[in-house]
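Listing of structure_17.pdb, PDB, N, CA and C atoms and all ligand atoms
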MODEL        1
ATOM      1  N   MET A1065       0.843  -1.195   0.000  1.00  0.00           N
ATOM      2  CA  MET A1065       0.000   0.000   0.000  1.00  0.00           C
ATOM      3  C   MET A1065       0.881   1.248   0.000  1.00  0.00           C
ATOM      4  N   ASN A1066       0.508   2.244  -0.784  1.00  0.00           N
ATOM      5  CA  ASN A1066       1.218   3.521  -0.729  1.00  0.00           C
ATOM      6  C   ASN A1066       0.337   4.561  -0.012  1.00  0.00           C
ATOM      7  N   CYS A1067       0.882   5.766   0.129  1.00  0.00           N
ATOM      8  CA  CYS A1067       0.198   6.805   0.903  1.00  0.00           C
ATOM      9  C   CYS A1067      -1.142   7.187   0.270  1.00  0.00           C
ATOM     10  N   ASN A1068      -1.180   7.280  -1.056  1.00  0.00           N
ATOM     11  CA  ASN A1068      -2.432   7.667  -1.702  1.00  0.00           C
ATOM     12  C   ASN A1068      -3.530   6.643  -1.434  1.00  0.00           C
ATOM     13  N   GLU A1069      -3.141   5.381  -1.503  1.00  0.00           N
ATOM     14  CA  GLU A1069      -4.112   4.323  -1.234  1.00  0.00           C
ATOM     15  C   GLU A1069      -4.652   4.432   0.186  1.00  0.00           C
ATOM     16  N   LEU A1070      -3.730   4.709   1.110  1.00  0.00           N
ATOM     17  CA  LEU A1070      -4.134   4.830   2.506  1.00  0.00           C
ATOM     18  C   LEU A1070      -5.146   5.967   2.674  1.00  0.00           C
ATOM     19  N   VAL A1071      -4.850   7.101   2.024  1.00  0.00           N
ATOM     20  CA  VAL A1071      -5.753   8.248   2.128  1.00  0.00           C
ATOM     21  C   VAL A1071      -7.134   7.891   1.592  1.00  0.00           C
ATOM     22  N   GLU A1072      -7.156   7.140   0.494  1.00  0.00           N
ATOM     23  CA  GLU A1072      -8.430   6.745  -0.089  1.00  0.00           C
ATOM     24  C   GLU A1072      -9.230   5.839   0.853  1.00  0.00           C
ATOM     25  N   LEU A1073      -8.515   5.069   1.665  1.00  0.00           N
ATOM     26  CA  LEU A1073      -9.190   4.085   2.517  1.00  0.00           C
ATOM     27  C   LEU A1073      -9.474   4.611   3.928  1.00  0.00           C
ATOM     28  N   VAL A1074      -9.038   5.853   4.196  1.00  0.00           N
ATOM     29  CA  VAL A1074      -9.060   6.283   5.589  1.00  0.00           C
ATOM     30  C   VAL A1074     -10.486   6.373   6.156  1.00  0.00           C
ATOM     31  N   THR A1075     -11.450   6.785   5.325  1.00  0.00           N
ATOM     32  CA  THR A1075     -12.816   6.852   5.868  1.00  0.00           C
ATOM     33  C   THR A1075     -13.349   5.449   6.160  1.00  0.00           C
ATOM     34  N   ASP A1076     -13.002   4.508   5.292  1.00  0.00           N
ATOM     35  CA  ASP A1076     -13.399   3.121   5.559  1.00  0.00           C
ATOM     36  C   ASP A1076     -12.759   2.610   6.849  1.00  0.00           C
ATOM     37  N   TYR A1077     -11.521   3.049   7.051  1.00  0.00           N
ATOM     38  CA  TYR A1077     -10.829   2.646   8.271  1.00  0.00           C
ATOM     39  C   TYR A1077     -11.586   3.143   9.501  1.00  0.00           C
ATOM     40  N   PHE A1078     -11.980   4.408   9.484  1.00  0.00           N
ATOM     41  CA  PHE A1078     -12.691   4.969  10.632  1.00  0.00           C
ATOM     42  C   PHE A1078     -14.070   4.329  10.800  1.00  0.00           C
ATOM     43  N   GLU A1079     -14.646   3.897   9.701  1.00  0.00           N
ATOM     44  CA  GLU A1079     -15.950   3.223   9.759  1.00  0.00           C
ATOM     45  C   GLU A1079     -15.806   1.737  10.066  1.00  0.00           C
ATOM     46  N   ARG A1080     -14.557   1.290  10.169  1.00  0.00           N
ATOM     47  CA  ARG A1080     -14.262  -0.140  10.348  1.00  0.00           C
ATOM     48  C   ARG A1080     -14.898  -0.956   9.226  1.00  0.00           C
ATOM     49  N   ALA A1081     -14.840  -0.404   8.038  1.00  0.00           N
ATOM     50  CA  ALA A1081     -15.456  -1.058   6.889  1.00  0.00           C
ATOM     51  C   ALA A1081     -14.427  -1.761   6.007  1.00  0.00           C
ATOM     52  N   LEU A1082     -13.165  -1.738   6.427  1.00  0.00           N
ATOM     53  CA  LEU A1082     -12.137  -2.386   5.625  1.00  0.00           C
ATOM     54  C   LEU A1082     -12.241  -3.902   5.749  1.00  0.00           C
ATOM     55  N   SER A1083     -11.925  -4.577   4.650  1.00  0.00           N
ATOM     56  CA  SER A1083     -11.812  -6.027   4.740  1.00  0.00           C
ATOM     57  C   SER A1083     -10.587  -6.353   5.588  1.00  0.00           C
ATOM     58  N   PRO A1084     -10.545  -7.540   6.178  1.00  0.00           N
ATOM     59  CA  PRO A1084      -9.385  -7.885   7.030  1.00  0.00           C
ATOM     60  C   PRO A1084      -8.056  -7.731   6.307  1.00  0.00           C
ATOM     61  N   SER A1085      -8.007  -8.069   5.029  1.00  0.00           N
ATOM     62  CA  SER A1085      -6.722  -7.968   4.314  1.00  0.00           C
ATOM     63  C   SER A1085      -6.354  -6.504   4.077  1.00  0.00           C
ATOM     64  N   ASP A1086      -7.351  -5.671   3.718  1.00  0.00           N
ATOM     65  CA  ASP A1086      -7.055  -4.242   3.545  1.00  0.00           C
ATOM     66  C   ASP A1086      -6.642  -3.614   4.866  1.00  0.00           C
ATOM     67  N   ARG A1087      -7.309  -4.028   5.922  1.00  0.00           N
ATOM     68  CA  ARG A1087      -6.991  -3.476   7.229  1.00  0.00           C
ATOM     69  C   ARG A1087      -5.543  -3.837   7.620  1.00  0.00           C
ATOM     70  N   ALA A1088      -5.146  -5.059   7.328  1.00  0.00           N
ATOM     71  CA  ALA A1088      -3.779  -5.493   7.623  1.00  0.00           C
ATOM     72  C   ALA A1088      -2.780  -4.672   6.816  1.00  0.00           C
ATOM     73  N   ARG A1089      -3.085  -4.442   5.529  1.00  0.00           N
ATOM     74  CA  ARG A1089      -2.192  -3.643   4.681  1.00  0.00           C
ATOM     75  C   ARG A1089      -2.149  -2.201   5.169  1.00  0.00           C
ATOM     76  N   PHE A1090      -3.296  -1.698   5.574  1.00  0.00           N
ATOM     77  CA  PHE A1090      -3.398  -0.331   6.106  1.00  0.00           C
ATOM     78  C   PHE A1090      -2.493  -0.191   7.337  1.00  0.00           C
ATOM     79  N   GLU A1091      -2.606  -1.142   8.243  1.00  0.00           N
ATOM     80  CA  GLU A1091      -1.845  -1.035   9.490  1.00  0.00           C
ATOM     81  C   GLU A1091      -0.360  -1.300   9.264  1.00  0.00           C
ATOM     82  N   THR A1092      -0.058  -2.151   8.288  1.00  0.00           N
ATOM     83  CA  THR A1092       1.353  -2.360   7.945  1.00  0.00           C
ATOM     84  C   THR A1092       1.959  -1.063   7.427  1.00  0.00           C
ATOM     85  N   HIS A1093       1.194  -0.352   6.587  1.00  0.00           N
ATOM     86  CA  HIS A1093       1.698   0.922   6.071  1.00  0.00           C
ATOM     87  C   HIS A1093       1.918   1.914   7.213  1.00  0.00           C
ATOM     88  N   LEU A1094       1.000   1.945   8.167  1.00  0.00           N
ATOM     89  CA  LEU A1094       1.142   2.871   9.299  1.00  0.00           C
ATOM     90  C   LEU A1094       2.420   2.598  10.090  1.00  0.00           C
ATOM     91  N   GLU A1095       2.801   1.339  10.150  1.00  0.00           N
ATOM     92  CA  GLU A1095       4.018   1.007  10.889  1.00  0.00           C
ATOM     93  C   GLU A1095       5.263   1.538  10.187  1.00  0.00           C
ATOM     94  N   GLU A1096       5.170   1.696   8.859  1.00  0.00           N
ATOM     95  CA  GLU A1096       6.352   2.114   8.095  1.00  0.00           C
ATOM     96  C   GLU A1096       6.340   3.593   7.774  1.00  0.00           C
ATOM     97  N   CYS A1097       5.223   4.260   8.021  1.00  0.00           N
ATOM     98  CA  CYS A1097       5.069   5.606   7.475  1.00  0.00           C
ATOM     99  C   CYS A1097       4.550   6.576   8.533  1.00  0.00           C
ATOM    100  N   PRO A1098       5.465   7.285   9.214  1.00  0.00           N
ATOM    101  CA  PRO A1098       5.049   8.242  10.243  1.00  0.00           C
ATOM    102  C   PRO A1098       4.183   9.363   9.676  1.00  0.00           C
ATOM    103  N   HIS A1099       4.343   9.684   8.375  1.00  0.00           N
ATOM    104  CA  HIS A1099       3.517  10.736   7.777  1.00  0.00           C
ATOM    105  C   HIS A1099       2.042  10.360   7.843  1.00  0.00           C
ATOM    106  N   CYS A1100       1.764   9.125   7.518  1.00  0.00           N
ATOM    107  CA  CYS A1100       0.370   8.693   7.506  1.00  0.00           C
ATOM    108  C   CYS A1100      -0.186   8.561   8.923  1.00  0.00           C
ATOM    109  N   VAL A1101       0.663   8.197   9.864  1.00  0.00           N
ATOM    110  CA  VAL A1101       0.222   8.162  11.262  1.00  0.00           C
ATOM    111  C   VAL A1101      -0.218   9.558  11.680  1.00  0.00           C
ATOM    112  N   GLU A1102       0.598  10.549  11.287  1.00  0.00           N
ATOM    113  CA  GLU A1102       0.282  11.930  11.631  1.00  0.00           C
ATOM    114  C   GLU A1102      -0.995  12.379  10.919  1.00  0.00           C
ATOM    115  N   TYR A1103      -1.118  11.980   9.665  1.00  0.00           N
ATOM    116  CA  TYR A1103      -2.318  12.305   8.902  1.00  0.00           C
ATOM    117  C   TYR A1103      -3.563  11.725   9.576  1.00  0.00           C
ATOM    118  N   LEU A1104      -3.437  10.486  10.023  1.00  0.00           N
ATOM    119  CA  LEU A1104      -4.554   9.814  10.669  1.00  0.00           C
ATOM    120  C   LEU A1104      -4.966  10.562  11.934  1.00  0.00           C
ATOM    121  N   GLN A1105      -3.958  11.050  12.670  1.00  0.00           N
ATOM    122  CA  GLN A1105      -4.250  11.802  13.889  1.00  0.00           C
ATOM    123  C   GLN A1105      -4.937  13.121  13.562  1.00  0.00           C
ATOM    124  N   GLN A1106      -4.436  13.794  12.507  1.00  0.00           N
ATOM    125  CA  GLN A1106      -5.071  15.045  12.063  1.00  0.00           C
ATOM    126  C   GLN A1106      -6.520  14.803  11.681  1.00  0.00           C
ATOM    127  N   MET A1107      -6.710  13.717  10.970  1.00  0.00           N
ATOM    128  CA  MET A1107      -8.044  13.351  10.498  1.00  0.00           C
ATOM    129  C   MET A1107      -8.975  13.126  11.687  1.00  0.00           C
ATOM    130  N   ARG A1108      -8.462  12.435  12.696  1.00  0.00           N
ATOM    131  CA  ARG A1108      -9.260  12.140  13.875  1.00  0.00           C
ATOM    132  C   ARG A1108      -9.642  13.440  14.596  1.00  0.00           C
ATOM    133  N   VAL A1109      -8.650  14.326  14.755  1.00  0.00           N
ATOM    134  CA  VAL A1109      -8.901  15.612  15.404  1.00  0.00           C
ATOM    135  C   VAL A1109      -9.926  16.407  14.615  1.00  0.00           C
ATOM    136  N   THR A1110      -9.767  16.390  13.287  1.00  0.00           N
ATOM    137  CA  THR A1110     -10.700  17.121  12.433  1.00  0.00           C
ATOM    138  C   THR A1110     -12.113  16.584  12.601  1.00  0.00           C
ATOM    139  N   LEU A1111     -12.241  15.278  12.632  1.00  0.00           N
ATOM    140  CA  LEU A1111     -13.560  14.667  12.783  1.00  0.00           C
ATOM    141  C   LEU A1111     -14.173  15.045  14.127  1.00  0.00           C
ATOM    142  N   GLU A1112     -13.324  15.080  15.174  1.00  0.00           N
ATOM    143  CA  GLU A1112     -13.831  15.449  16.494  1.00  0.00           C
ATOM    144  C   GLU A1112     -14.223  16.921  16.515  1.00  0.00           C
ATOM    145  N   THR A1113     -13.434  17.752  15.826  1.00  0.00           N
ATOM    146  CA  THR A1113     -13.737  19.183  15.737  1.00  0.00           C
ATOM    147  C   THR A1113     -15.077  19.393  15.054  1.00  0.00           C
ATOM    148  N   LEU A1114     -15.357  18.566  14.076  1.00  0.00           N
ATOM    149  CA  LEU A1114     -16.621  18.680  13.351  1.00  0.00           C
ATOM    150  C   LEU A1114     -17.798  18.196  14.192  1.00  0.00           C
ATOM    151  N   GLY A1115     -17.516  17.693  15.375  1.00  0.00           N
ATOM    152  CA  GLY A1115     -18.585  17.315  16.279  1.00  0.00           C
ATOM    153  C   GLY A1115     -18.767  15.817  16.393  1.00  0.00           C
ATOM    154  N   GLY A1116     -17.712  15.088  16.051  1.00  0.00           N
ATOM    155  CA  GLY A1116     -17.771  13.645  16.189  1.00  0.00           C
ATOM    156  C   GLY A1116     -18.737  12.977  15.241  1.00  0.00           C
ATOM    157  N   ILE A1117     -19.002  13.647  14.127  1.00  0.00           N
ATOM    158  CA  ILE A1117     -19.897  13.024  13.159  1.00  0.00           C
ATOM    159  C   ILE A1117     -19.195  11.855  12.493  1.00  0.00           C
ATOM    160  N   PRO A1118     -19.948  10.830  12.151  1.00  0.00           N
ATOM    161  CA  PRO A1118     -19.322   9.687  11.478  1.00  0.00           C
ATOM    162  C   PRO A1118     -18.760  10.101  10.123  1.00  0.00           C
ATOM    163  N   PRO A1119     -17.635   9.507   9.740  1.00  0.00           N
ATOM    164  CA  PRO A1119     -16.968   9.913   8.498  1.00  0.00           C
ATOM    165  C   PRO A1119     -17.856   9.830   7.263  1.00  0.00           C
ATOM    166  N   GLU A1120     -18.777   8.908   7.245  1.00  0.00           N
ATOM    167  CA  GLU A1120     -19.570   8.743   6.025  1.00  0.00           C
ATOM    168  C   GLU A1120     -20.494   9.939   5.778  1.00  0.00           C
ATOM    169  N   THR A1121     -20.695  10.771   6.821  1.00  0.00           N
ATOM    170  CA  THR A1121     -21.556  11.931   6.629  1.00  0.00           C
ATOM    171  C   THR A1121     -20.755  13.178   6.247  1.00  0.00           C
ATOM    172  N   ILE A1122     -19.452  13.039   6.124  1.00  0.00           N
ATOM    173  CA  ILE A1122     -18.640  14.172   5.667  1.00  0.00           C
ATOM    174  C   ILE A1122     -18.950  14.435   4.200  1.00  0.00           C
ATOM    175  N   ALA A1123     -19.244  15.680   3.914  1.00  0.00           N
ATOM    176  CA  ALA A1123     -19.532  16.037   2.522  1.00  0.00           C
ATOM    177  C   ALA A1123     -18.298  15.762   1.669  1.00  0.00           C
ATOM    178  N   PRO A1124     -18.509  15.322   0.435  1.00  0.00           N
ATOM    179  CA  PRO A1124     -17.375  15.008  -0.444  1.00  0.00           C
ATOM    180  C   PRO A1124     -16.406  16.173  -0.580  1.00  0.00           C
ATOM    181  N   GLU A1125     -16.932  17.411  -0.615  1.00  0.00           N
ATOM    182  CA  GLU A1125     -16.025  18.553  -0.794  1.00  0.00           C
ATOM    183  C   GLU A1125     -15.167  18.771   0.444  1.00  0.00           C
ATOM    184  N   VAL A1126     -15.718  18.457   1.623  1.00  0.00           N
ATOM    185  CA  VAL A1126     -14.921  18.574   2.844  1.00  0.00           C
ATOM    186  C   VAL A1126     -13.829  17.521   2.840  1.00  0.00           C
ATOM    187  N   ARG A1127     -14.195  16.330   2.449  1.00  0.00           N
ATOM    188  CA  ARG A1127     -13.228  15.246   2.380  1.00  0.00           C
ATOM    189  C   ARG A1127     -12.132  15.597   1.371  1.00  0.00           C
ATOM    190  N   GLU A1128     -12.550  16.145   0.246  1.00  0.00           N
ATOM    191  CA  GLU A1128     -11.585  16.527  -0.793  1.00  0.00           C
ATOM    192  C   GLU A1128     -10.626  17.587  -0.258  1.00  0.00           C
ATOM    193  N   ARG A1129     -11.154  18.505   0.565  1.00  0.00           N
ATOM    194  CA  ARG A1129     -10.304  19.562   1.127  1.00  0.00           C
ATOM    195  C   ARG A1129      -9.290  18.947   2.089  1.00  0.00           C
ATOM    196  N   LEU A1130      -9.707  17.977   2.854  1.00  0.00           N
ATOM    197  CA  LEU A1130      -8.787  17.304   3.765  1.00  0.00           C
ATOM    198  C   LEU A1130      -7.684  16.606   2.976  1.00  0.00           C
ATOM    199  N   LEU A1131      -8.070  15.958   1.898  1.00  0.00           N
ATOM    200  CA  LEU A1131      -7.088  15.256   1.073  1.00  0.00           C
ATOM    201  C   LEU A1131      -6.118  16.257   0.457  1.00  0.00           C
ATOM    202  N   GLU A1132      -6.659  17.406   0.046  1.00  0.00           N
ATOM    203  CA  GLU A1132      -5.830  18.450  -0.548  1.00  0.00           C
ATOM    204  C   GLU A1132      -4.833  18.973   0.495  1.00  0.00           C
ATOM    205  N   THR A1133      -5.299  19.187   1.705  1.00  0.00           N
ATOM    206  CA  THR A1133      -4.431  19.634   2.792  1.00  0.00           C
ATOM    207  C   THR A1133      -3.307  18.642   3.003  1.00  0.00           C
ATOM    208  N   PHE A1134      -3.665  17.384   2.953  1.00  0.00           N
ATOM    209  CA  PHE A1134      -2.670  16.337   3.156  1.00  0.00           C
ATOM    210  C   PHE A1134      -1.630  16.359   2.039  1.00  0.00           C
ATOM    211  N   ARG A1135      -2.088  16.522   0.800  1.00  0.00           N
ATOM    212  CA  ARG A1135      -1.155  16.547  -0.337  1.00  0.00           C
ATOM    213  C   ARG A1135      -0.213  17.727  -0.233  1.00  0.00           C
ATOM    214  N   ASN A1136      -0.739  18.894   0.109  1.00  0.00           N
ATOM    215  CA  ASN A1136       0.105  20.088   0.238  1.00  0.00           C
ATOM    216  C   ASN A1136       1.112  19.901   1.356  1.00  0.00           C
ATOM    217  N   TRP A1137       0.621  19.319   2.425  1.00  0.00           N
ATOM    218  CA  TRP A1137       1.467  19.126   3.606  1.00  0.00           C
ATOM    219  C   TRP A1137       2.616  18.177   3.272  1.00  0.00           C
ATOM    220  N   LYS A1138       2.320  17.134   2.530  1.00  0.00           N
ATOM    221  CA  LYS A1138       3.379  16.204   2.120  1.00  0.00           C
ATOM    222  C   LYS A1138       4.354  16.880   1.155  1.00  0.00           C
ATOM    223  N   ALA A1139       3.819  17.722   0.272  1.00  0.00           N
ATOM    224  CA  ALA A1139       4.671  18.370  -0.729  1.00  0.00           C
ATOM    225  C   ALA A1139       5.671  19.304  -0.073  1.00  0.00           C
ATOM    226  N   GLN A1140       5.347  19.766   1.121  1.00  0.00           N
ATOM    227  CA  GLN A1140       6.236  20.704   1.803  1.00  0.00           C
ATOM    228  C   GLN A1140       7.421  20.002   2.457  1.00  0.00           C
ATOM    229  N   ARG A1141       7.360  18.715   2.560  1.00  0.00           N
ATOM    230  CA  ARG A1141       8.446  18.015   3.253  1.00  0.00           C
ATOM    231  C   ARG A1141       9.596  17.713   2.315  1.00  0.00           C
TER     232      ARG A1141
HETATM  233 ZN    ZN A1201       2.131   6.787   4.035  1.00  0.00          ZN
ENDMDL
END

Could I get this structure in the form of structure tokens?
Ligand SMILES: [Zn+2]
Amino acid sequence: MNCNELVELVTDYFERALSPSDRARFETHLEECPHCVEYLQQMRVTLETLGGIPPETIAPEVRERLLETFRNWKAQR
């Protein structure tokens, strides 16, 4: 799994909707990639800031903005 794949799966991860094999790949990537661990934490904080709403109710444009933030943030490193 690469970082982009992880970002695509992150809402499924929070919904616990990943298949066991995807979940294993997701967590393996987290062990190797501190950037994604940090992203996951940001995502969690953002979700809590939004009022603890479940990820599936995040509007697509909000999700897209989060992904964009993540891409910019990675590009700065
Ligand atoms: Zn990563």

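The contact shell of ligand ZN 1201 (chain A), defined as all polymer residues within 5 Å when all atoms listed in the file are used, comprises Asn1066, Cys1067, Cys1097 and Cys1100 of chain A.
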
Problem - Atomic distance atom C of A:Thr1113 - atom C of A:Val1126, expressed in Å with one decimal - result: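 Atom C of A:Val1126 lies at a distance of 12.4 Å from atom C of A:Thr1113.
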
Handout entry: Best match for closeness to A:Leu1130 among A:Ala1088, A:Met1107, A:Leu1070, A:Ala1081, counting all atoms listed in the file
Key =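 The closest residue to A:Leu1130 is A:Met1107.
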
Practice task
Just the helix (DSSP H, G or I) stuff from chain A, please, per backbone DSSP, written as a PyMOL selection string.
Solution key: chain A and resi 1067-1078+1084-1096+1098-1113+1119-1121+1124-1139

Exercise for the section: Just give me the gap between atom CA of A:Glu1132 and atom CA of A:Arg1087 in Å, one decimal is fine. Expected result: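 So the two atoms, atom CA of A:Glu1132 and atom CA of A:Arg1087, lie 23.3 Å apart.
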
Handout entry: Residues near A:Tyr1077, cut-off 10 Å, only C-alpha atoms, skip fewer than 4 positions along chain, as a list in words
Key = Leu1070, Val1071, Glu1072, Leu1073, Ala1081, Leu1082, Ser1083, Asp1086, Arg1087, Phe1090, Glu1091, Leu1104 and Pro1119 of chain A

Exercise for the section: For atom CA of A:Glu1096 and atom CA of A:Glu1125, quote the distance in Å rounded to one decimal. Expected result: 29.2 Å

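Of the listed residues A:Trp1137, A:Leu1111, A:Thr1092, A:Val1101, the one whose atoms come nearest to A:Met1065 is A:Thr1092, with distances taken using all atoms listed in the file.
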
With C-alpha atoms retained, output chain A as a PDB file, in the first residue's frame.
ATOM      1  CA  MET A1065       0.000   0.000   0.000  1.00  0.00           C
ATOM      2  CA  ASN A1066       1.218   3.521  -0.729  1.00  0.00           C
ATOM      3  CA  CYS A1067       0.198   6.805   0.903  1.00  0.00           C
ATOM      4  CA  ASN A1068      -2.432   7.667  -1.702  1.00  0.00           C
ATOM      5  CA  GLU A1069      -4.112   4.323  -1.234  1.00  0.00           C
ATOM      6  CA  LEU A1070      -4.134   4.830   2.506  1.00  0.00           C
ATOM      7  CA  VAL A1071      -5.753   8.248   2.128  1.00  0.00           C
ATOM      8  CA  GLU A1072      -8.430   6.745  -0.089  1.00  0.00           C
ATOM      9  CA  LEU A1073      -9.190   4.085   2.517  1.00  0.00           C
ATOM     10  CA  VAL A1074      -9.060   6.283   5.589  1.00  0.00           C
ATOM     11  CA  THR A1075     -12.816   6.852   5.868  1.00  0.00           C
ATOM     12  CA  ASP A1076     -13.399   3.121   5.559  1.00  0.00           C
ATOM     13  CA  TYR A1077     -10.829   2.646   8.271  1.00  0.00           C
ATOM     14  CA  PHE A1078     -12.691   4.969  10.632  1.00  0.00           C
ATOM     15  CA  GLU A1079     -15.950   3.223   9.759  1.00  0.00           C
ATOM     16  CA  ARG A1080     -14.262  -0.140  10.348  1.00  0.00           C
ATOM     17  CA  ALA A1081     -15.456  -1.058   6.889  1.00  0.00           C
ATOM     18  CA  LEU A1082     -12.137  -2.386   5.625  1.00  0.00           C
ATOM     19  CA  SER A1083     -11.812  -6.027   4.740  1.00  0.00           C
ATOM     20  CA  PRO A1084      -9.385  -7.885   7.030  1.00  0.00           C
ATOM     21  CA  SER A1085      -6.722  -7.968   4.314  1.00  0.00           C
ATOM     22  CA  ASP A1086      -7.055  -4.242   3.545  1.00  0.00           C
ATOM     23  CA  ARG A1087      -6.991  -3.476   7.229  1.00  0.00           C
ATOM     24  CA  ALA A1088      -3.779  -5.493   7.623  1.00  0.00           C
ATOM     25  CA  ARG A1089      -2.192  -3.643   4.681  1.00  0.00           C
ATOM     26  CA  PHE A1090      -3.398  -0.331   6.106  1.00  0.00           C
ATOM     27  CA  GLU A1091      -1.845  -1.035   9.490  1.00  0.00           C
ATOM     28  CA  THR A1092       1.353  -2.360   7.945  1.00  0.00           C
ATOM     29  CA  HIS A1093       1.698   0.922   6.071  1.00  0.00           C
ATOM     30  CA  LEU A1094       1.142   2.871   9.299  1.00  0.00           C
ATOM     31  CA  GLU A1095       4.018   1.007  10.889  1.00  0.00           C
ATOM     32  CA  GLU A1096       6.352   2.114   8.095  1.00  0.00           C
ATOM     33  CA  CYS A1097       5.069   5.606   7.475  1.00  0.00           C
ATOM     34  CA  PRO A1098       5.049   8.242  10.243  1.00  0.00           C
ATOM     35  CA  HIS A1099       3.517  10.736   7.777  1.00  0.00           C
ATOM     36  CA  CYS A1100       0.370   8.693   7.506  1.00  0.00           C
ATOM     37  CA  VAL A1101       0.222   8.162  11.262  1.00  0.00           C
ATOM     38  CA  GLU A1102       0.282  11.930  11.631  1.00  0.00           C
ATOM     39  CA  TYR A1103      -2.318  12.305   8.902  1.00  0.00           C
ATOM     40  CA  LEU A1104      -4.554   9.814  10.669  1.00  0.00           C
ATOM     41  CA  GLN A1105      -4.250  11.802  13.889  1.00  0.00           C
ATOM     42  CA  GLN A1106      -5.071  15.045  12.063  1.00  0.00           C
ATOM     43  CA  MET A1107      -8.044  13.351  10.498  1.00  0.00           C
ATOM     44  CA  ARG A1108      -9.260  12.140  13.875  1.00  0.00           C
ATOM     45  CA  VAL A1109      -8.901  15.612  15.404  1.00  0.00           C
ATOM     46  CA  THR A1110     -10.700  17.121  12.433  1.00  0.00           C
ATOM     47  CA  LEU A1111     -13.560  14.667  12.783  1.00  0.00           C
ATOM     48  CA  GLU A1112     -13.831  15.449  16.494  1.00  0.00           C
ATOM     49  CA  THR A1113     -13.737  19.183  15.737  1.00  0.00           C
ATOM     50  CA  LEU A1114     -16.621  18.680  13.351  1.00  0.00           C
ATOM     51  CA  GLY A1115     -18.585  17.315  16.279  1.00  0.00           C
ATOM     52  CA  GLY A1116     -17.771  13.645  16.189  1.00  0.00           C
ATOM     53  CA  ILE A1117     -19.897  13.024  13.159  1.00  0.00           C
ATOM     54  CA  PRO A1118     -19.322   9.687  11.478  1.00  0.00           C
ATOM     55  CA  PRO A1119     -16.968   9.913   8.498  1.00  0.00           C
ATOM     56  CA  GLU A1120     -19.570   8.743   6.025  1.00  0.00           C
ATOM     57  CA  THR A1121     -21.556  11.931   6.629  1.00  0.00           C
ATOM     58  CA  ILE A1122     -18.640  14.172   5.667  1.00  0.00           C
ATOM     59  CA  ALA A1123     -19.532  16.037   2.522  1.00  0.00           C
ATOM     60  CA  PRO A1124     -17.375  15.008  -0.444  1.00  0.00           C
ATOM     61  CA  GLU A1125     -16.025  18.553  -0.794  1.00  0.00           C
ATOM     62  CA  VAL A1126     -14.921  18.574   2.844  1.00  0.00           C
ATOM     63  CA  ARG A1127     -13.228  15.246   2.380  1.00  0.00           C
ATOM     64  CA  GLU A1128     -11.585  16.527  -0.793  1.00  0.00           C
ATOM     65  CA  ARG A1129     -10.304  19.562   1.127  1.00  0.00           C
ATOM     66  CA  LEU A1130      -8.787  17.304   3.765  1.00  0.00           C
ATOM     67  CA  LEU A1131      -7.088  15.256   1.073  1.00  0.00           C
ATOM     68  CA  GLU A1132      -5.830  18.450  -0.548  1.00  0.00           C
ATOM     69  CA  THR A1133      -4.431  19.634   2.792  1.00  0.00           C
ATOM     70  CA  PHE A1134      -2.670  16.337   3.156  1.00  0.00           C
ATOM     71  CA  ARG A1135      -1.155  16.547  -0.337  1.00  0.00           C
ATOM     72  CA  ASN A1136       0.105  20.088   0.238  1.00  0.00           C
ATOM     73  CA  TRP A1137       1.467  19.126   3.606  1.00  0.00           C
ATOM     74  CA  LYS A1138       3.379  16.204   2.120  1.00  0.00           C
ATOM     75  CA  ALA A1139       4.671  18.370  -0.729  1.00  0.00           C
ATOM     76  CA  GLN A1140       6.236  20.704   1.803  1.00  0.00           C
ATOM     77  CA  ARG A1141       8.446  18.015   3.253  1.00  0.00           C
TER      78      ARG A1141
END
